[in-house]
$ cat work-v4.cif   # mmCIF, C-alpha atoms
data_start
#
loop_
_atom_site.label_atom_id
_atom_site.label_comp_id
_atom_site.auth_asym_id
_atom_site.auth_seq_id
_atom_site.Cartn_x
_atom_site.Cartn_y
_atom_site.Cartn_z
CA MET A 1415 252.35 168.65 174.95
CA PRO A 1416 253.00 167.07 171.55
CA SER A 1417 249.45 167.96 170.52
CA GLU A 1418 250.12 171.62 171.31
CA SER A 1419 253.35 171.48 169.33
CA TYR A 1420 251.51 169.95 166.36
CA ALA A 1421 248.83 172.64 166.56
CA ALA A 1422 251.57 175.28 166.53
CA VAL A 1423 252.95 173.77 163.31
CA LEU A 1424 249.49 173.89 161.71
CA GLN A 1425 249.00 177.49 162.78
CA GLY A 1426 252.44 178.38 161.48
CA ILE A 1427 251.45 177.06 158.06
CA ALA A 1428 247.88 178.41 158.10
CA GLY A 1429 247.84 181.59 160.14
CA ASP A 1430 244.05 181.68 160.17
CA ALA A 1431 243.74 178.18 161.66
CA ILE A 1432 241.90 177.61 164.93
CA CYS A 1433 242.82 174.27 166.49
CA ASP A 1434 240.80 172.36 169.08
CA LEU A 1435 242.70 169.64 170.95
CA ALA A 1436 240.90 166.40 171.74
CA PHE A 1437 242.10 163.47 173.85
CA PRO A 1438 240.17 160.40 172.68
CA ALA A 1439 242.32 158.04 174.76
CA ASP A 1440 240.85 159.53 177.94
CA GLU A 1441 237.72 157.95 179.35
CA GLY A 1442 234.88 160.47 179.34
CA ALA A 1443 236.66 162.79 176.91
CA ASN A 1444 234.36 165.46 175.51
CA LEU A 1445 234.61 164.47 171.83
CA PRO A 1446 232.64 165.92 168.91
CA ASP A 1447 229.53 164.03 167.83
CA ALA A 1448 228.90 163.22 164.17
CA ALA A 1449 227.70 166.75 163.38
CA GLY A 1450 230.64 168.17 165.27
CA LEU A 1451 233.15 166.16 163.24
CA GLU A 1452 231.51 167.31 160.01
CA SER A 1453 231.81 170.93 161.13
CA TYR A 1454 235.61 170.87 161.08
CA ASP A 1455 237.59 171.79 157.97
CA GLY A 1456 240.27 169.22 158.79
CA ILE A 1457 241.25 166.69 161.45
CA VAL A 1458 244.83 165.69 162.36
CA LEU A 1459 245.92 162.62 164.34
CA THR A 1460 249.20 162.89 166.23
CA GLY A 1461 251.76 160.32 167.30
CA SER A 1462 251.49 158.20 170.46
CA HIS A 1463 253.53 155.88 172.66
CA LEU A 1464 250.78 153.23 172.52
CA ASN A 1465 250.86 149.94 170.60
CA ILE A 1466 247.61 149.51 168.74
CA TYR A 1467 247.65 145.69 168.85
CA ASP A 1468 247.20 145.86 172.66
CA ARG A 1469 243.55 146.86 172.03
CA THR A 1470 243.12 148.41 175.48
CA PRO A 1471 240.07 150.64 176.08
CA ASP A 1472 242.08 153.83 175.48
CA ILE A 1473 243.13 152.43 172.10
CA LEU A 1474 239.68 151.16 171.13
CA ARG A 1475 238.23 154.62 171.79
CA GLN A 1476 240.64 156.08 169.25
CA ILE A 1477 239.80 153.45 166.65
CA ASP A 1478 236.10 154.17 167.14
CA LEU A 1479 236.73 157.88 166.74
CA MET A 1480 238.63 157.32 163.50
CA ARG A 1481 235.73 155.27 162.12
CA ALA A 1482 233.44 158.19 162.93
CA VAL A 1483 235.88 160.55 161.24
CA TYR A 1484 235.78 158.46 158.07
CA ALA A 1485 231.98 158.56 158.18
CA SER A 1486 232.03 162.35 158.59
CA GLY A 1487 233.89 162.85 155.32
CA THR A 1488 236.10 165.51 156.92
CA PRO A 1489 239.62 165.62 155.39
CA THR A 1490 242.04 163.89 157.76
CA PHE A 1491 245.80 163.66 158.13
CA GLY A 1492 247.91 161.59 160.51
CA SER A 1493 251.52 161.08 161.53
CA CYS A 1494 252.94 157.76 162.75
CA TRP A 1495 250.30 156.53 165.25
CA GLY A 1496 247.75 158.48 163.22
CA LEU A 1497 248.48 156.34 160.15
CA GLN A 1498 248.29 153.18 162.23
CA VAL A 1499 244.91 154.10 163.75
CA ALA A 1500 243.55 155.02 160.33
CA ALA A 1501 244.70 151.68 158.89
CA VAL A 1502 243.19 149.60 161.70
CA ALA A 1503 239.92 151.58 161.63
CA ALA A 1504 239.68 150.65 157.95
CA ASP A 1505 240.26 146.93 158.74
CA GLY A 1506 243.99 146.90 158.13
CA ASP A 1507 246.53 145.64 160.67
CA VAL A 1508 249.57 146.92 162.54
CA ARG A 1509 252.33 144.85 164.14
CA GLN A 1510 255.81 145.29 165.53
CA ASN A 1511 258.36 145.76 162.78
CA PRO A 1512 260.55 142.61 162.59
CA LEU A 1513 263.45 144.82 161.48
CA GLY A 1514 263.25 146.77 164.72
CA ARG A 1515 262.86 150.42 165.53
CA GLU A 1516 263.24 153.29 163.09
CA ILE A 1517 264.53 156.18 165.17
CA GLY A 1518 265.92 159.63 164.48
CA PHE A 1519 265.26 159.71 160.75
CA ALA A 1520 263.54 157.54 158.18
CA ARG A 1521 266.13 157.29 155.44
CA ARG A 1522 265.79 157.04 151.66
CA LEU A 1523 262.03 157.37 151.60
CA THR A 1524 261.00 156.67 148.02
CA PRO A 1525 257.68 157.64 146.44
CA THR A 1526 255.88 154.82 144.68
CA GLU A 1527 254.58 155.26 141.16
CA ALA A 1528 251.29 156.47 142.67
CA GLY A 1529 253.16 158.67 145.14
CA ARG A 1530 255.10 160.47 142.44
CA VAL A 1531 251.89 162.02 141.12
CA HIS A 1532 249.97 162.25 144.40
CA PRO A 1533 249.37 165.77 145.77
CA MET A 1534 250.40 164.80 149.32
CA LEU A 1535 253.99 164.29 148.16
CA GLU A 1536 254.05 167.23 145.78
CA GLY A 1537 257.48 168.83 145.99
CA ARG A 1538 259.23 165.80 147.45
CA PRO A 1539 262.22 164.46 145.45
CA GLY A 1540 262.76 160.89 144.30
CA ALA A 1541 264.38 160.05 147.66
CA TYR A 1542 264.21 161.97 150.92
CA ASP A 1543 264.68 161.64 154.68
CA ALA A 1544 262.29 162.69 157.46
CA PRO A 1545 262.20 162.70 161.28
CA ALA A 1546 260.88 159.38 162.59
CA ILE A 1547 260.54 157.27 165.71
CA HIS A 1548 258.44 154.10 165.68
CA LEU A 1549 258.63 150.38 166.40
CA ASP A 1550 255.29 149.38 164.85
CA MET A 1551 254.25 149.47 161.20
CA VAL A 1552 251.25 148.83 158.98
CA THR A 1553 251.54 145.16 158.01
CA VAL A 1554 248.16 144.66 156.30
CA THR A 1555 246.80 147.53 154.26
CA PRO A 1556 243.05 148.22 154.15
CA GLY A 1557 241.02 147.42 151.07
CA ASP A 1558 241.10 150.89 149.51
CA CYS A 1559 244.62 151.95 150.38
CA THR A 1560 247.24 153.46 148.08
CA ILE A 1561 250.83 153.23 149.31
CA LEU A 1562 252.58 156.48 148.39
CA SER A 1563 256.06 156.12 149.87
CA THR A 1564 258.23 153.31 151.16
CA ASN A 1565 261.75 152.51 152.33
CA ALA A 1566 263.87 149.53 153.39
CA VAL A 1567 262.55 149.62 156.97
CA SER A 1568 258.79 150.01 156.47
CA ALA A 1569 256.82 149.12 153.36
CA VAL A 1570 254.11 151.68 154.20
CA GLN A 1571 255.71 155.06 154.89
CA ALA A 1572 252.96 157.17 153.35
CA ALA A 1573 249.47 156.25 152.23
CA GLU A 1574 246.01 157.39 151.26
CA ILE A 1575 243.12 155.40 152.73
CA ARG A 1576 239.50 155.72 151.59
CA VAL A 1577 236.51 154.42 153.56
CA ASN A 1578 232.86 155.14 152.68
CA GLY A 1579 233.62 158.51 151.15
CA GLY A 1580 236.11 159.49 153.87
CA VAL A 1581 239.68 160.18 152.78
CA PHE A 1582 242.75 159.96 155.01
CA TRP A 1583 246.29 161.01 154.15
CA GLY A 1584 249.05 159.82 156.45
CA VAL A 1585 252.73 159.17 156.96
CA GLN A 1586 254.65 156.81 159.24
CA TYR A 1587 257.27 159.50 159.87
CA HIS A 1588 256.92 162.89 161.61
CA PRO A 1589 257.01 165.90 159.26
CA GLU A 1590 255.74 168.00 162.18
CA PHE A 1591 258.88 167.45 164.30
CA SER A 1592 261.46 170.21 164.42
CA LEU A 1593 265.00 169.06 165.06
CA GLY A 1594 264.77 170.65 168.48
CA GLU A 1595 261.68 168.61 169.33
CA LEU A 1596 263.33 165.46 167.99
CA ALA A 1597 266.36 166.19 170.17
CA VAL A 1598 264.18 166.42 173.28
CA ILE A 1599 262.46 163.13 172.45
CA LEU A 1600 265.72 161.27 171.80
CA GLY A 1601 267.31 162.82 174.87
CA ARG A 1602 264.72 160.93 176.91
CA ARG A 1603 265.49 157.68 175.11
CA THR A 1604 269.21 157.31 175.71
CA GLU A 1605 268.70 153.81 177.08
CA ILE A 1606 266.88 152.71 173.91
CA LEU A 1607 269.55 154.25 171.68
CA VAL A 1608 272.29 152.33 173.48
CA ASP A 1609 270.45 149.06 174.20
CA GLU A 1610 269.22 148.71 170.60
CA GLY A 1611 272.62 149.49 169.11
CA PHE A 1612 272.01 152.92 167.59
CA CYS A 1613 274.72 154.44 169.79
CA ARG A 1614 277.60 152.70 171.53
CA THR A 1615 277.55 154.70 174.76
CA PRO A 1616 275.32 157.20 176.60
CA GLU A 1617 277.94 159.84 175.80
CA GLU A 1618 277.64 159.09 172.09
CA ALA A 1619 273.85 159.38 172.35
CA ALA A 1620 274.22 162.71 174.15
CA ALA A 1621 276.54 163.96 171.40
CA TYR A 1622 273.98 162.99 168.77
CA VAL A 1623 271.25 164.88 170.62
CA ALA A 1624 273.56 167.88 170.96
CA ASP A 1625 274.14 167.87 167.19
CA LEU A 1626 270.40 167.92 166.56
CA LYS A 1627 270.05 170.89 168.89
CA THR A 1628 272.84 172.63 167.00
CA LEU A 1629 271.11 172.05 163.67
CA HIS A 1630 267.82 173.29 165.10
CA ALA A 1631 269.52 176.57 166.01
CA GLU A 1632 271.86 176.68 162.99
CA PRO A 1633 270.43 174.66 160.07
CA ASN A 1634 273.22 175.94 157.83
CA ASP A 1635 275.94 174.33 159.95
CA ILE A 1636 277.34 172.31 157.06
CA PRO A 1637 279.88 170.17 158.99
CA VAL A 1638 277.24 168.94 161.46
CA ALA A 1639 274.64 168.39 158.73
CA TRP A 1640 277.21 166.50 156.64
CA ARG A 1641 278.22 164.34 159.61
CA HIS A 1642 274.65 163.06 159.87
CA GLY A 1643 273.85 163.02 156.16
CA LEU A 1644 271.04 165.58 156.43
CA ASP A 1645 269.99 167.88 153.62
CA ALA A 1646 267.36 170.55 153.05
CA GLU A 1647 264.51 168.03 153.06
CA VAL A 1648 265.09 167.83 156.82
CA LEU A 1649 266.85 171.12 157.60
CA ASP A 1650 264.43 173.48 155.81
CA PRO A 1651 261.19 173.68 157.84
CA VAL A 1652 259.10 174.38 154.74
CA ARG A 1653 260.39 171.28 152.98
CA ARG A 1654 260.34 169.16 156.15
CA THR A 1655 256.62 169.87 156.67
CA ARG A 1656 255.74 169.38 152.99
CA GLU A 1657 253.05 166.72 153.51
CA ILE A 1658 251.20 168.82 156.09
CA ARG A 1659 251.34 171.88 153.85
CA ASN A 1660 250.03 169.87 150.92
CA PHE A 1661 247.20 168.49 153.05
CA ILE A 1662 246.11 172.00 153.98
CA GLU A 1663 246.39 173.35 150.45
CA HIS A 1664 244.90 170.39 148.56
CA ARG A 1665 242.40 168.98 151.05
CA VAL A 1666 241.46 171.52 153.72
CA ARG A 1667 241.24 174.84 151.88
CA PRO A 1668 239.36 173.52 148.82
CA GLY A 1669 236.86 171.75 151.06
CA LYS A 1670 236.45 174.86 153.15
CA SER A 1671 235.75 176.89 150.01
CA ALA A 1672 233.29 174.31 148.69
CA ARG A 1673 231.32 174.55 151.91
CA GLY A 1674 231.24 178.33 151.76
CA ARG A 1675 233.67 178.91 154.66
CA ALA A 1676 236.52 180.55 152.74
#
$ encode --input "work-v4.cif" --output "structure tokens"
Amino acid sequence: MPSESYAAVLQGIAGDAICDLAFPADEGANLPDAAGLESYDGIVLTGSHLNIYDRTPDILRQIDLMRAVYASGTPTFGSCWGLQVAAVAADGDVRQNPLGREIGFARRLTPTEAGRVHPMLEGRPGAYDAPAIHLDMVTVTPGDCTILSTNAVSAVQAAEIRVNGGVFWGVQYHPEFSLGELAVILGRRTEILVDEGFCRTPEEAAAYVADLKTLHAEPNDIPVAWRHGLDAEVLDPVRRTREIRNFIEHRVRPGKSARGRA
């Protein structure tokens, strides 16, 4: 499952991490109470295929959980859907991007003035690419929200949101995705790639997926990387996961130490 894959990324960065998986979309899910949320050193929200503006019960349960997470004060990070849930839980809004889907990679991500000095983007250059797949975007930012990165497709590509002492760091892209995982996801979306004009034929889409698999196995394959305009910010797993690593180092470990858990 994507949640298991995300947990594996966290454990690869922090070898001492113990990850519990929760499924707040499920009715009757056994979720932590307020004390339980406070007992964690960090909370991470994954991506999702849902559209938050549908406001179905499975979505509302996740918004409610995020509000409880803010109240707990536990450091929190989110990718894609995670950023959208965090924004809505803080009274922001999310809608379908009028420019259409951003798929494969978010290109020319540019830190804002605040982002250039923010610890979440520490180590990122003045422009970078990252794995991405989303149709929706944050259209109204919450009251205490700092936009940290942007590009031509989505105004809010990275942000910090603060609510009642709770602090959330999040990105609209997917630093947790390996190129192999991205290849699997796109391999299941051939119809979207063709119908929305990203590829001209199913064969072209399959070739693109095959190149991603090649780069997953051989990140130093310069001709393939050059063909798709990918550099070390995507090909190097340490650099690709920079935001997650910074979250652990700047938010999780210090908080753990402050509470006497180090």
$ closest_residue --input "work-v4.cif" --among "A:Cys1613, A:Ala1528, A:Ala1544, A:Ala1485" --to "A:Phe1582" --atoms "only C-alpha atoms"
A:Ala1485
$ closest_residue --input "work-v4.cif" --among "A:Gly1529, A:Gly1669, A:Gly1514, A:Pro1616" --to "A:Ser1563" --atoms "all atoms listed in the file"
A:Gly1529
$ closest_residue --input "work-v4.cif" --among "A:Val1608, A:Ala1597, A:Ala1569, A:Leu1445" --to "A:Pro1545" --atoms "all atoms listed in the file"
A:Ala1597
$ residues_around --input "work-v4.cif" --residues "stretch 1497-1505 of chain A" --least-positions-apart "6" --cutoff "6 Å" --atoms "only C-alpha atoms" --output "list in words"
Ile1477, Arg1481, Pro1556 and Gly1584 of chain A
$ resolve_selection --input "work-v4.cif" --expression "the PyMOL selection byres ((chain A and resi 1494) around 6)" --output "list in words"
Gly1461, Ser1493, Trp1495, Gly1496, Leu1497, Val1585, Gln1586 and Tyr1587 of chain A
$ build_atoms --input "work-v4.cif" --residues "stretch 1508-1519 of chain A" --atoms "all heavy atoms" --output "PDB file, keeping the file's coordinate frame"
ATOM      1  N   VAL A1508     248.298 146.333 162.137  1.00  0.00           N
ATOM      2  CA  VAL A1508     249.570 146.920 162.540  1.00  0.00           C
ATOM      3  C   VAL A1508     250.261 145.959 163.497  1.00  0.00           C
ATOM      4  O   VAL A1508     249.623 145.443 164.421  1.00  0.00           O
ATOM      5  CB  VAL A1508     249.363 148.289 163.223  1.00  0.00           C
ATOM      6  CG1 VAL A1508     250.649 148.773 163.888  1.00  0.00           C
ATOM      7  CG2 VAL A1508     248.856 149.318 162.218  1.00  0.00           C
ATOM      8  N   ARG A1509     251.545 145.724 163.267  1.00  0.00           N
ATOM      9  CA  ARG A1509     252.330 144.850 164.140  1.00  0.00           C
ATOM     10  C   ARG A1509     253.712 145.452 164.359  1.00  0.00           C
ATOM     11  O   ARG A1509     254.104 146.396 163.670  1.00  0.00           O
ATOM     12  CB  ARG A1509     252.468 143.445 163.526  1.00  0.00           C
ATOM     13  CG  ARG A1509     251.150 142.697 163.406  1.00  0.00           C
ATOM     14  CD  ARG A1509     250.597 142.303 164.753  1.00  0.00           C
ATOM     15  NE  ARG A1509     249.187 141.936 164.685  1.00  0.00           N
ATOM     16  CZ  ARG A1509     248.455 141.624 165.744  1.00  0.00           C
ATOM     17  NH1 ARG A1509     249.011 141.657 166.949  1.00  0.00           N
ATOM     18  NH2 ARG A1509     247.175 141.309 165.625  1.00  0.00           N
ATOM     19  N   GLN A1510     254.440 144.849 165.285  1.00  0.00           N
ATOM     20  CA  GLN A1510     255.810 145.290 165.530  1.00  0.00           C
ATOM     21  C   GLN A1510     256.662 144.970 164.309  1.00  0.00           C
ATOM     22  O   GLN A1510     256.552 143.903 163.711  1.00  0.00           O
ATOM     23  CB  GLN A1510     256.352 144.581 166.770  1.00  0.00           C
ATOM     24  CG  GLN A1510     257.679 145.128 167.256  1.00  0.00           C
ATOM     25  CD  GLN A1510     258.131 144.486 168.551  1.00  0.00           C
ATOM     26  OE1 GLN A1510     259.159 143.818 168.620  1.00  0.00           O
ATOM     27  NE2 GLN A1510     257.329 144.673 169.596  1.00  0.00           N
ATOM     28  N   ASN A1511     257.508 145.921 163.950  1.00  0.00           N
ATOM     29  CA  ASN A1511     258.360 145.760 162.780  1.00  0.00           C
ATOM     30  C   ASN A1511     259.450 144.715 163.087  1.00  0.00           C
ATOM     31  O   ASN A1511     260.225 144.888 164.030  1.00  0.00           O
ATOM     32  CB  ASN A1511     259.017 147.092 162.422  1.00  0.00           C
ATOM     33  CG  ASN A1511     259.723 147.068 161.085  1.00  0.00           C
ATOM     34  OD1 ASN A1511     260.157 146.024 160.619  1.00  0.00           O
ATOM     35  ND2 ASN A1511     259.837 148.227 160.462  1.00  0.00           N
ATOM     36  N   PRO A1512     259.522 143.634 162.336  1.00  0.00           N
ATOM     37  CA  PRO A1512     260.550 142.610 162.590  1.00  0.00           C
ATOM     38  C   PRO A1512     261.964 143.131 162.401  1.00  0.00           C
ATOM     39  O   PRO A1512     262.918 142.531 162.913  1.00  0.00           O
ATOM     40  CB  PRO A1512     260.213 141.502 161.592  1.00  0.00           C
ATOM     41  CG  PRO A1512     259.436 142.180 160.517  1.00  0.00           C
ATOM     42  CD  PRO A1512     258.668 143.268 161.187  1.00  0.00           C
ATOM     43  N   LEU A1513     262.121 144.234 161.678  1.00  0.00           N
ATOM     44  CA  LEU A1513     263.450 144.820 161.480  1.00  0.00           C
ATOM     45  C   LEU A1513     263.859 145.723 162.636  1.00  0.00           C
ATOM     46  O   LEU A1513     264.987 146.212 162.669  1.00  0.00           O
ATOM     47  CB  LEU A1513     263.484 145.623 160.167  1.00  0.00           C
ATOM     48  CG  LEU A1513     263.244 144.819 158.891  1.00  0.00           C
ATOM     49  CD1 LEU A1513     263.266 145.731 157.678  1.00  0.00           C
ATOM     50  CD2 LEU A1513     264.284 143.716 158.753  1.00  0.00           C
ATOM     51  N   GLY A1514     262.935 145.939 163.564  1.00  0.00           N
ATOM     52  CA  GLY A1514     263.250 146.770 164.720  1.00  0.00           C
ATOM     53  C   GLY A1514     262.803 148.207 164.560  1.00  0.00           C
ATOM     54  O   GLY A1514     262.047 148.551 163.655  1.00  0.00           O
ATOM     55  N   ARG A1515     263.297 149.029 165.436  1.00  0.00           N
ATOM     56  CA  ARG A1515     262.860 150.420 165.530  1.00  0.00           C
ATOM     57  C   ARG A1515     263.500 151.286 164.448  1.00  0.00           C
ATOM     58  O   ARG A1515     264.661 151.096 164.087  1.00  0.00           O
ATOM     59  CB  ARG A1515     263.239 150.958 166.919  1.00  0.00           C
ATOM     60  CG  ARG A1515     262.535 152.237 167.330  1.00  0.00           C
ATOM     61  CD  ARG A1515     263.012 152.677 168.707  1.00  0.00           C
ATOM     62  NE  ARG A1515     262.918 151.601 169.690  1.00  0.00           N
ATOM     63  CZ  ARG A1515     261.833 151.352 170.419  1.00  0.00           C
ATOM     64  NH1 ARG A1515     260.756 152.106 170.270  1.00  0.00           N
ATOM     65  NH2 ARG A1515     261.842 150.357 171.293  1.00  0.00           N
ATOM     66  N   GLU A1516     262.728 152.234 163.960  1.00  0.00           N
ATOM     67  CA  GLU A1516     263.240 153.290 163.090  1.00  0.00           C
ATOM     68  C   GLU A1516     263.248 154.561 163.934  1.00  0.00           C
ATOM     69  O   GLU A1516     262.193 155.030 164.373  1.00  0.00           O
ATOM     70  CB  GLU A1516     262.333 153.447 161.858  1.00  0.00           C
ATOM     71  CG  GLU A1516     262.922 154.319 160.778  1.00  0.00           C
ATOM     72  CD  GLU A1516     262.150 154.219 159.468  1.00  0.00           C
ATOM     73  OE1 GLU A1516     260.912 154.092 159.518  1.00  0.00           O
ATOM     74  OE2 GLU A1516     262.782 154.254 158.400  1.00  0.00           O
ATOM     75  N   ILE A1517     264.432 155.097 164.188  1.00  0.00           N
ATOM     76  CA  ILE A1517     264.530 156.180 165.170  1.00  0.00           C
ATOM     77  C   ILE A1517     265.492 157.257 164.683  1.00  0.00           C
ATOM     78  O   ILE A1517     266.513 156.967 164.060  1.00  0.00           O
ATOM     79  CB  ILE A1517     264.976 155.614 166.541  1.00  0.00           C
ATOM     80  CG1 ILE A1517     264.865 156.662 167.644  1.00  0.00           C
ATOM     81  CG2 ILE A1517     266.375 155.034 166.477  1.00  0.00           C
ATOM     82  CD1 ILE A1517     265.002 156.083 169.054  1.00  0.00           C
ATOM     83  N   GLY A1518     265.129 158.485 164.944  1.00  0.00           N
ATOM     84  CA  GLY A1518     265.920 159.630 164.480  1.00  0.00           C
ATOM     85  C   GLY A1518     265.386 160.108 163.140  1.00  0.00           C
ATOM     86  O   GLY A1518     264.684 161.108 163.064  1.00  0.00           O
ATOM     87  N   PHE A1519     265.713 159.343 162.100  1.00  0.00           N
ATOM     88  CA  PHE A1519     265.260 159.710 160.750  1.00  0.00           C
ATOM     89  C   PHE A1519     264.916 158.453 159.951  1.00  0.00           C
ATOM     90  O   PHE A1519     265.598 157.434 160.056  1.00  0.00           O
ATOM     91  CB  PHE A1519     266.331 160.514 160.008  1.00  0.00           C
ATOM     92  CG  PHE A1519     266.678 161.799 160.680  1.00  0.00           C
ATOM     93  CD1 PHE A1519     267.754 161.867 161.568  1.00  0.00           C
ATOM     94  CD2 PHE A1519     265.916 162.933 160.470  1.00  0.00           C
ATOM     95  CE1 PHE A1519     268.062 163.042 162.221  1.00  0.00           C
ATOM     96  CE2 PHE A1519     266.214 164.122 161.123  1.00  0.00           C
ATOM     97  CZ  PHE A1519     267.291 164.180 162.004  1.00  0.00           C
TER      98      PHE A1519
END
